[in-house]
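Next up, start-v3.pdb (PDB, C-alpha atoms):
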```pdb
ATOM      1  CA  MET A   1       7.617 -15.336  42.783
ATOM      2  CA  GLN A   2       6.292 -13.843  39.556
ATOM      3  CA  THR A   3       3.102 -11.845  39.972
ATOM      4  CA  LEU A   4       0.102 -12.268  37.660
ATOM      5  CA  LYS A   5       0.709  -8.772  36.306
ATOM      6  CA  GLU A   6       4.302  -9.647  35.439
ATOM      7  CA  HIS A   7       3.208 -12.939  33.870
ATOM      8  CA  LEU A   8       0.622 -11.225  31.665
ATOM      9  CA  SER A   9       3.119  -8.556  30.706
ATOM     10  CA  LYS A  10       5.676 -11.159  29.632
ATOM     11  CA  LEU A  11       3.023 -13.132  27.772
ATOM     12  CA  LYS A  12       1.960 -10.018  25.875
ATOM     13  CA  GLU A  13       5.615  -9.239  25.089
ATOM     14  CA  ARG A  14       6.040 -12.733  23.650
ATOM     15  CA  LEU A  15       2.879 -12.409  21.555
ATOM     16  CA  ASP A  16       3.882  -8.958  20.385
ATOM     17  CA  GLY A  17       7.332 -10.127  19.371
ATOM     18  CA  THR A  18      10.472  -9.903  21.444
ATOM     19  CA  LYS A  19      11.244  -6.289  22.294
ATOM     20  CA  SER A  20       8.486  -5.211  19.879
ATOM     21  CA  GLU A  21      10.266  -6.781  16.928
ATOM     22  CA  PRO A  22       8.225  -7.966  13.929
ATOM     23  CA  TYR A  23       7.662 -11.690  13.922
ATOM     24  CA  VAL A  24       6.379 -14.389  11.591
ATOM     25  CA  GLU A  25       3.932 -17.213  12.204
ATOM     26  CA  GLU A  26       3.357 -20.125   9.837
ATOM     27  CA  CYS A  27       0.568 -22.621   9.396
ATOM     28  CA  LYS A  28      -0.047 -25.176   6.661
ATOM     29  CA  GLN A  29      -1.434 -22.637   4.179
ATOM     30  CA  PHE A  30      -0.258 -19.173   5.218
ATOM     31  CA  LYS A  31       2.803 -17.326   6.453
ATOM     32  CA  THR A  32       1.878 -14.169   8.355
ATOM     33  CA  LEU A  33       3.832 -11.084   9.463
ATOM     34  CA  TYR A  34       2.834  -9.413  12.731
ATOM     35  CA  PHE A  35       3.913  -6.307  14.611
ATOM     36  CA  ASP A  36       1.706  -7.370  17.539
ATOM     37  CA  HIS A  37      -0.756 -10.181  18.276
ATOM     38  CA  GLU A  38      -3.776  -8.123  17.208
ATOM     39  CA  THR A  39      -2.831  -6.832  13.780
ATOM     40  CA  THR A  40      -1.898  -8.770  10.650
ATOM     41  CA  GLN A  41       0.628  -6.769   8.631
ATOM     42  CA  SER A  42       1.002  -9.149   5.711
ATOM     43  CA  MET A  43      -0.023 -12.650   4.686
ATOM     44  CA  MET A  44       1.441 -15.014   2.085
ATOM     45  CA  ASP A  45      -0.145 -18.112   0.588
ATOM     46  CA  MET A  46       2.544 -20.789   0.949
ATOM     47  CA  GLN A  47       1.337 -22.561  -2.201
ATOM     48  CA  ALA A  48       1.043 -19.375  -4.280
ATOM     49  CA  PRO A  49       3.543 -16.790  -2.938
ATOM     50  CA  MET A  50       2.692 -14.204  -5.623
ATOM     51  CA  ARG A  51      -1.031 -14.208  -4.856
ATOM     52  CA  LEU A  52      -2.473 -11.159  -3.116
ATOM     53  CA  VAL A  53      -4.220 -12.594  -0.073
ATOM     54  CA  VAL A  54      -5.386  -9.520   1.855
ATOM     55  CA  SER A  55      -8.174  -7.646   0.073
ATOM     56  CA  TYR A  56      -6.774  -4.133   0.532
ATOM     57  CA  THR A  57      -3.691  -5.077  -1.497
ATOM     58  CA  GLU A  58      -5.960  -5.923  -4.418
ATOM     59  CA  THR A  59      -7.533  -2.482  -4.114
ATOM     60  CA  MET A  60      -4.070  -0.913  -4.066
ATOM     61  CA  MET A  61      -3.504  -2.512  -7.457
ATOM     62  CA  GLY A  62      -6.403  -0.406  -8.704
ATOM     63  CA  PHE A  63      -3.834   1.889 -10.296
ATOM     64  CA  LEU A  64      -3.930  -0.623 -13.168
ATOM     65  CA  LEU A  65      -7.247   0.887 -14.217
ATOM     66  CA  PHE A  66      -5.389   4.104 -15.044
ATOM     67  CA  ASN A  67      -1.952   2.802 -16.006
ATOM     68  CA  SER A  68      -1.764  -0.857 -16.957
ATOM     69  CA  SER A  69       1.969  -0.878 -17.730
ATOM     70  CA  PRO A  70       3.865   1.580 -15.507
ATOM     71  CA  LYS A  71       7.558   2.012 -16.248
ATOM     72  CA  SER A  72       8.533   3.165 -12.764
ATOM     73  CA  ILE A  73       6.993   2.244  -9.408
ATOM     74  CA  ALA A  74       8.007   3.392  -5.928
ATOM     75  CA  MET A  75       6.623   2.013  -2.679
ATOM     76  CA  VAL A  76       6.909   3.202   0.899
ATOM     77  CA  GLY A  77       6.703   0.241   3.245
ATOM     78  CA  LEU A  78       7.861  -3.311   2.563
ATOM     79  CA  GLY A  79       5.992  -5.445   5.085
ATOM     80  CA  GLY A  80       5.746  -8.982   3.783
ATOM     81  CA  GLY A  81       6.336  -7.741   0.252
ATOM     82  CA  SER A  82       2.992  -8.724  -1.289
ATOM     83  CA  LEU A  83       2.755  -5.687  -3.557
ATOM     84  CA  PRO A  84       6.454  -5.546  -4.555
ATOM     85  CA  LYS A  85       6.411  -9.249  -5.444
ATOM     86  CA  TYR A  86       3.247  -8.921  -7.464
ATOM     87  CA  CYS A  87       4.553  -5.929  -9.400
ATOM     88  CA  HIS A  88       7.947  -7.554  -9.962
ATOM     89  CA  HIS A  89       6.239 -10.619 -11.406
ATOM     90  CA  HIS A  90       3.685  -8.855 -13.610
ATOM     91  CA  PHE A  91       5.711  -5.861 -14.842
ATOM     92  CA  PRO A  92       9.021  -7.247 -16.121
ATOM     93  CA  GLU A  93       9.791  -3.970 -17.910
ATOM     94  CA  SER A  94       9.235  -1.782 -14.835
ATOM     95  CA  SER A  95      11.753  -0.451 -12.348
ATOM     96  CA  ILE A  96      10.582  -0.984  -8.762
ATOM     97  CA  LEU A  97      11.947   0.848  -5.725
ATOM     98  CA  VAL A  98      10.828  -0.070  -2.201
ATOM     99  CA  LEU A  99      11.644   2.253   0.706
ATOM    100  CA  GLU A 100      11.663   0.608   4.152
ATOM    101  CA  ASN A 101      13.133   2.133   7.309
ATOM    102  CA  ASN A 102      13.046  -0.982   9.521
ATOM    103  CA  PRO A 103      16.030  -3.293   8.947
ATOM    104  CA  LYS A 104      14.267  -6.061  10.902
ATOM    105  CA  ILE A 105      11.501  -6.079   8.288
ATOM    106  CA  ILE A 106      14.050  -6.189   5.461
ATOM    107  CA  ALA A 107      15.806  -9.101   7.216
ATOM    108  CA  LEU A 108      12.649 -11.182   6.707
ATOM    109  CA  ARG A 109      12.532 -10.694   2.937
ATOM    110  CA  GLU A 110      13.712 -14.185   2.030
ATOM    111  CA  ARG A 111      11.059 -15.770   4.234
ATOM    112  CA  PHE A 112       8.433 -14.002   2.119
ATOM    113  CA  HIS A 113      10.103 -14.781  -1.236
ATOM    114  CA  ILE A 114      10.872 -11.124  -1.935
ATOM    115  CA  PRO A 115      13.255 -10.847  -4.909
ATOM    116  CA  ARG A 116      16.882  -9.870  -4.427
ATOM    117  CA  ASN A 117      18.044  -6.419  -5.437
ATOM    118  CA  ASP A 118      19.088  -6.093  -9.063
ATOM    119  CA  ASP A 119      19.083  -3.519 -11.841
ATOM    120  CA  ARG A 120      15.285  -3.169 -11.860
ATOM    121  CA  PHE A 121      14.266  -4.096  -8.304
ATOM    122  CA  GLU A 122      15.632  -2.523  -5.132
ATOM    123  CA  VAL A 123      14.669  -2.553  -1.474
ATOM    124  CA  LEU A 124      16.376   0.418   0.131
ATOM    125  CA  GLU A 125      16.729   0.894   3.899
ATOM    126  CA  CYS A 126      15.766   4.512   4.506
ATOM    127  CA  ASP A 127      13.037   6.843   5.724
ATOM    128  CA  GLY A 128      10.625   7.061   2.791
ATOM    129  CA  ALA A 129       9.535  10.606   3.619
ATOM    130  CA  ILE A 130      13.114  11.885   3.638
ATOM    131  CA  TYR A 131      14.010   9.980   0.485
ATOM    132  CA  LEU A 132      11.076  11.308  -1.552
ATOM    133  CA  LYS A 133      11.724  14.839  -0.322
ATOM    134  CA  ASN A 134      15.326  14.804  -1.545
ATOM    135  CA  THR A 135      15.221  12.648  -4.662
ATOM    136  CA  ASP A 136      15.220  13.849  -8.263
ATOM    137  CA  GLN A 137      13.554  10.618  -9.396
ATOM    138  CA  THR A 138      10.008  10.611 -10.695
ATOM    139  CA  PHE A 139       7.573   7.721 -10.929
ATOM    140  CA  ASP A 140       4.479   6.596 -12.782
ATOM    141  CA  VAL A 141       3.054   4.981  -9.638
ATOM    142  CA  LEU A 142       3.523   5.609  -5.908
ATOM    143  CA  LEU A 143       2.201   3.079  -3.385
ATOM    144  CA  ILE A 144       2.186   4.289   0.221
ATOM    145  CA  ASP A 145       1.725   1.453   2.713
ATOM    146  CA  GLY A 146       4.012   2.318   5.600
ATOM    147  CA  PHE A 147       3.170   1.319   9.167
ATOM    148  CA  SER A 148       4.868   0.691  12.471
ATOM    149  CA  LYS A 149       3.555  -1.132  15.527
ATOM    150  CA  SER A 150       1.869   2.086  16.674
ATOM    151  CA  GLY A 151       0.209   2.787  13.327
ATOM    152  CA  GLN A 152       0.906   5.072  10.418
ATOM    153  CA  PRO A 153       3.931   7.296  11.109
ATOM    154  CA  SER A 154       3.177  11.018  11.280
ATOM    155  CA  GLN A 155       5.823  11.820   8.658
ATOM    156  CA  LEU A 156       3.765   9.846   6.114
ATOM    157  CA  CYS A 157       0.633  11.927   6.772
ATOM    158  CA  SER A 158       1.967  15.482   6.627
ATOM    159  CA  GLU A 159       1.395  18.128   3.969
ATOM    160  CA  ASP A 160       5.149  18.219   3.423
ATOM    161  CA  PHE A 161       5.146  14.494   2.629
ATOM    162  CA  TYR A 162       2.208  14.776   0.255
ATOM    163  CA  ALA A 163       3.926  17.679  -1.506
ATOM    164  CA  SER A 164       7.011  15.480  -1.959
ATOM    165  CA  CYS A 165       4.827  12.739  -3.428
ATOM    166  CA  PHE A 166       3.227  15.175  -5.841
ATOM    167  CA  ALA A 167       6.636  16.406  -6.961
ATOM    168  CA  CYS A 168       7.783  12.804  -7.554
ATOM    169  CA  LEU A 169       4.854  11.821  -9.746
ATOM    170  CA  ASN A 170       5.157  11.967 -13.515
ATOM    171  CA  PRO A 171       2.322  13.668 -15.429
ATOM    172  CA  ASP A 172      -0.726  11.402 -15.072
ATOM    173  CA  GLY A 173       1.120   9.518 -12.344
ATOM    174  CA  VAL A 174      -1.099   7.722  -9.843
ATOM    175  CA  MET A 175      -0.643   7.480  -6.078
ATOM    176  CA  MET A 176      -2.383   4.902  -3.898
ATOM    177  CA  ILE A 177      -2.350   5.203  -0.095
ATOM    178  CA  ASN A 178      -3.435   2.634   2.468
ATOM    179  CA  PHE A 179      -4.917   4.260   5.551
ATOM    180  CA  SER A 180      -5.767   2.053   8.496
ATOM    181  CA  GLY A 181      -7.824   2.996  11.531
ATOM    182  CA  SER A 182     -10.034   6.005  12.052
ATOM    183  CA  THR A 183     -12.032   7.078   8.993
ATOM    184  CA  GLY A 184     -12.097  10.572  10.464
ATOM    185  CA  LEU A 185      -8.319  10.817  10.313
ATOM    186  CA  SER A 186      -8.321   9.461   6.769
ATOM    187  CA  ARG A 187     -10.677  12.258   5.758
ATOM    188  CA  ILE A 188      -8.320  14.829   7.270
ATOM    189  CA  TYR A 189      -5.410  13.366   5.306
ATOM    190  CA  GLN A 190      -7.552  13.305   2.176
ATOM    191  CA  GLU A 191      -8.251  17.033   2.522
ATOM    192  CA  ARG A 192      -4.510  17.696   2.766
ATOM    193  CA  ILE A 193      -3.871  15.653  -0.360
ATOM    194  CA  ASP A 194      -6.634  17.392  -2.303
ATOM    195  CA  ARG A 195      -5.096  20.776  -1.461
ATOM    196  CA  ILE A 196      -1.640  19.681  -2.585
ATOM    197  CA  PHE A 197      -2.851  18.042  -5.800
ATOM    198  CA  ASN A 198      -5.422  20.781  -6.413
ATOM    199  CA  GLN A 199      -8.069  18.227  -7.313
ATOM    200  CA  ALA A 200     -10.326  15.644  -5.732
ATOM    201  CA  SER A 201      -9.062  12.236  -4.695
ATOM    202  CA  ILE A 202     -11.248   9.158  -4.211
ATOM    203  CA  LEU A 203     -11.279   7.361  -0.855
ATOM    204  CA  LEU A 204     -12.598   3.788  -0.705
ATOM    205  CA  THR A 205     -13.402   1.932   2.507
ATOM    206  CA  GLU A 206     -12.637  -1.780   2.485
ATOM    207  CA  ASP A 207     -15.299  -4.288   3.484
ATOM    208  CA  ASP A 208     -13.452  -4.996   6.723
ATOM    209  CA  LYS A 209     -13.866  -1.294   7.678
ATOM    210  CA  MET A 210     -10.237  -1.307   8.856
ATOM    211  CA  ASN A 211      -8.553   0.004   5.725
ATOM    212  CA  GLN A 212      -9.293   2.955   3.467
ATOM    213  CA  ILE A 213      -7.541   3.187   0.111
ATOM    214  CA  LEU A 214      -7.040   6.590  -1.467
ATOM    215  CA  PHE A 215      -6.655   7.142  -5.223
ATOM    216  CA  VAL A 216      -5.123  10.407  -6.434
ATOM    217  CA  CYS A 217      -3.525  11.430  -9.724
ATOM    218  CA  ASN A 218      -1.190  14.099 -11.067
ATOM    219  CA  GLY A 219      -3.642  14.677 -13.906
ATOM    220  CA  LYS A 220      -7.249  13.949 -14.813
ATOM    221  CA  LEU A 221      -7.199  10.162 -15.174
ATOM    222  CA  LEU A 222      -9.544   9.640 -12.219
ATOM    223  CA  SER A 223     -12.239  11.293 -14.343
ATOM    224  CA  THR A 224     -11.971   8.642 -17.077
ATOM    225  CA  ALA A 225     -15.430   7.613 -18.319
ATOM    226  CA  ALA A 226     -16.988   4.620 -16.579
ATOM    227  CA  GLU A 227     -17.459   2.772 -19.867
ATOM    228  CA  VAL A 228     -13.761   3.059 -20.681
ATOM    229  CA  LEU A 229     -12.762   1.837 -17.226
ATOM    230  CA  GLN A 230     -15.153  -1.107 -17.413
ATOM    231  CA  LYS A 231     -13.705  -2.267 -20.726
ATOM    232  CA  ARG A 232     -10.205  -1.844 -19.335
ATOM    233  CA  SER A 233     -11.102  -3.834 -16.225
ATOM    234  CA  MET A 234     -12.416  -6.743 -18.297
ATOM    235  CA  LYS A 235      -9.266  -6.797 -20.410
ATOM    236  CA  LEU A 236      -6.960  -6.621 -17.394
ATOM    237  CA  SER A 237      -8.805  -9.450 -15.634
ATOM    238  CA  ALA A 238      -7.426 -11.848 -18.231
ATOM    239  CA  ASP A 239      -3.893 -11.272 -16.891
ATOM    240  CA  HIS A 240      -4.508 -10.355 -13.253
ATOM    241  CA  GLU A 241      -6.234 -12.700 -10.814
ATOM    242  CA  ILE A 242      -7.308  -9.887  -8.524
ATOM    243  CA  SER A 243     -10.668  -8.276  -7.869
ATOM    244  CA  LEU A 244     -10.350  -5.379 -10.301
ATOM    245  CA  PRO A 245     -14.099  -5.482 -11.131
ATOM    246  CA  ARG A 246     -14.884  -5.142  -7.398
ATOM    247  CA  THR A 247     -12.394  -2.311  -7.044
ATOM    248  CA  LEU A 248     -13.820  -0.544 -10.087
ATOM    249  CA  GLN A 249     -17.396  -0.917  -8.843
ATOM    250  CA  ASN A 250     -16.444   0.606  -5.482
ATOM    251  CA  PHE A 251     -14.458   3.354  -7.194
ATOM    252  CA  LEU A 252     -17.289   4.361  -9.525
ATOM    253  CA  LYS A 253     -19.829   4.301  -6.690
ATOM    254  CA  GLN A 254     -17.663   6.539  -4.510
ATOM    255  CA  ARG A 255     -16.868   8.885  -7.404
ATOM    256  CA  LYS A 256     -20.592   9.282  -8.078
ATOM    257  CA  ASN A 257     -21.350   9.894  -4.404
ATOM    258  CA  ASP A 258     -18.591  12.490  -4.167
ATOM    259  CA  ALA A 259     -19.937  14.277  -7.244
ATOM    260  CA  ILE A 260     -23.431  14.405  -5.714
ATOM    261  CA  GLU A 261     -22.100  15.757  -2.405
ATOM    262  CA  SER A 262     -20.067  18.482  -4.132
ATOM    263  CA  SER A 263     -22.912  19.615  -6.423
TER
END
```

Hey, can you dump this file as structure tokens for me?
Amino acid sequence: MQTLKEHLSKLKERLDGTKSEPYVEECKQFKTLYFDHETTQSMMDMQAPMRLVVSYTETMMGFLLFNSSPKSIAMVGLGGGSLPKYCHHHFPESSILVLENNPKIIALRERFHIPRNDDRFEVLECDGAIYLKNTDQTFDVLLIDGFSKSGQPSQLCSEDFYASCFACLNPDGVMMINFSGSTGLSRIYQERIDRIFNQASILLTEDDKMNQILFVCNGKLLSTAAEVLQKRSMKLSADHEISLPRTLQNFLKQRKNDAIESS
């Protein structure tokens, strides 16, 4: 006879996905990717697959405030493909490379309407940290959004990894990182990044308090005058149905607070 402990264990295994595999749940409006029953990894609007549903992904698109038409974009972490799809749709002249080390995530790409590989869009199965360390490619934008069931992998938080990212960024290239979990850890990672880039990054905390999005640049673009960024945000809002004004407001507030703390 099955004990209660065994029953609960099997129930949790089912909810977490068989043998810890990623799994998908669908309802009338949304399709959702899970690594376990507690954490939503990605969400797609079934009626508008290109729409960014989760607020942190809109903040990740904040790089638009500093480069509205990047020619080369690299991403670490595929998930449900919200950011790759959005960039593929809105930047037809850009090359987009997505680095994902979990083949079971890649196997779900069609369910989330992720484009097929072609001459300007590629999902590559590999360890993103190793790839960026060994590549000669450089990029205008790097988006780091890599997670496993247990959280952010250690190889995506090391000084060696951040040095590889810095080396891969073109002059004035922008990197956006999604941190999830402890704000204290995010601050430690931010200090590492600031040392590598030899300048201050900006770390924004999302309203849900679960995600922190870091902005950093291989150049001085993060110091762009507020008035210039506000005009840019208004212009971009005509083409992008995302909360750029909200992102900019949070960015400017945090930049001001950081300046006060450092003075």

Q | Contacts of Ala200 in chain A within 10 Å, only C-alpha atoms, excl. fewer than 4 positions in-chain, as a PyMOL selection string | A | chain A and resi 190-191+193-195+215-217+220+222-223+255+258-259

(Q) Using only C-alpha atoms, list the residues that have an atom at most 8 Å from (11.5, -4.8, 2.7), coordinates as in the file, as a count of residues only. (A) 19

Q) For Lys31 in chain A, which residue among A:Arg111, A:Met75, A:Met50, A:Ser55 is the nearest when counting all atoms listed in the file? A)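 The answer is A:Arg111, which sits nearest to Lys31 in chain A.
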
Q) Which value, in Å to one decimal, gives the distance between CA of Gly184 in chain A and CA of Ser164 in chain A? A) 23.3 Å

Q: Please write the residues picked by the PyMOL selection byres ((chain A and resi 67) around 10) on this file as a count of residues only.
A: 15

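In this model, the gap between CA of Asn257 in chain A and CA of Glu241 in chain A comes to 27.9 Å.
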
(Q) Using Å and a single decimal, report how far CA of Gln137 in chain A sits from CA of Asn101 in chain A. (A)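 So the answer is 18.7 Å.
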
Q | Within 12 Å of Asp208 in chain A using only C-alpha atoms, minus same-chain residues under 5 positions, as JSON, numbers by chain | A | {"A": [54, 55, 56, 180, 181]}

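Nearest-residue note for Ile73 in chain A: choosing from A:Arg120, A:Lys104, A:Arg192, A:Arg51, the minimum distance belongs to A:Arg120, counting all atoms listed in the file.
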
Q.
I want to know what sits within 10 Å of His89 in chain A, based on only C-alpha atoms, with residues of the same chain fewer than 5 positions away left out; could you give that as a list in words?
A. Met50, Leu83, Pro84, Ser94 and Pro115 of chain A

(Q) Considering only C-alpha atoms, can you say which of A:Asp239, A:Leu142, A:Phe251, A:Gln212 comes closest to Thr224 in chain A? (A)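 The answer is A:Phe251, which sits nearest to Thr224 in chain A.
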
When you look at Phe166 in chain A with a cut-off of 8 Å (counting all atoms listed in the file), what residues show up, excluding the ones that are within fewer than 6 positions of it in the same chain? I need them as an mmCIF file with C-alpha atoms, keeping the file's coordinate frame.
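File written: selection.cif
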```
data_model
loop_
_atom_site.group_PDB
_atom_site.id
_atom_site.type_symbol
_atom_site.label_atom_id
_atom_site.label_comp_id
_atom_site.auth_asym_id
_atom_site.auth_seq_id
_atom_site.Cartn_x
_atom_site.Cartn_y
_atom_site.Cartn_z
ATOM 1 C CA ILE A 196 -1.640 19.681 -2.585
ATOM 2 C CA PHE A 197 -2.851 18.042 -5.800
ATOM 3 C CA ASN A 218 -1.190 14.099 -11.067
#
```

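Residues in contact range of Glu26 in chain A, defined as at most 12 Å between only C-alpha atoms, with sequence neighbours fewer than 4 positions away removed, read Phe30, Lys31, Thr32, Leu33, Tyr34, Ser42, Met43, Met44, Asp45, Met46, Arg111 and Phe112 of chain A.
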
Q.
Using all atoms listed in the file, can you tell me which of A:Tyr86, A:Tyr23, A:Tyr162, A:Phe179 comes closest to Met61 in chain A?
A.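 Using all atoms listed in the file, the shortest distance to Met61 in chain A belongs to A:Tyr86.
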
Q: Choose the residue, out of A:Cys165, A:Leu156, A:Leu52, A:Ile177, that has the smallest atom-to-atom separation from Leu204 in chain A; count only C-alpha atoms.
A: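 Selected residue with least distance to Leu204 in chain A: A:Ile177.
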
(Q) Using the chain letters and numbers from this file, what does the PyMOL selection byres ((chain A and resi 138) around 7) select? Give the answer as a PyMOL selection string. (A) chain A and resi 136-137+139+168-170

Could you take the residues named above and write them with C-alpha atoms, as a CSV table (one decimal), in the coordinates of the input?
```csv
chain,number,residue,atom,x,y,z
A,136,ASP,CA,15.2,13.8,-8.3
A,137,GLN,CA,13.6,10.6,-9.4
A,139,PHE,CA,7.6,7.7,-10.9
A,168,CYS,CA,7.8,12.8,-7.6
A,169,LEU,CA,4.9,11.8,-9.7
A,170,ASN,CA,5.2,12.0,-13.5
```

Q) Which of these, A:Val76, A:Met176, A:Ile260, A:Leu97, has the shortest distance to Ile202 in chain A once you count only C-alpha atoms? A)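 Between A:Val76, A:Met176, A:Ile260, A:Leu97, the residue approaching Ile202 in chain A most closely is A:Met176.
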
**Q.** Result set of the PyMOL selection byres ((chain A and resi 233) around 10) on the coordinates above, as a list in words
**A.**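 Applied to this file, the PyMOL selection byres ((chain A and resi 233) around 10) selects Gly62, Leu64, Leu65, Phe66, Ser68, Glu227, Val228, Leu229, Gln230, Lys231, Arg232, Met234, Lys235, Leu236, Ser237, Ala238, His240, Ser243, Leu244, Pro245, Arg246, Thr247 and Leu248 of chain A.
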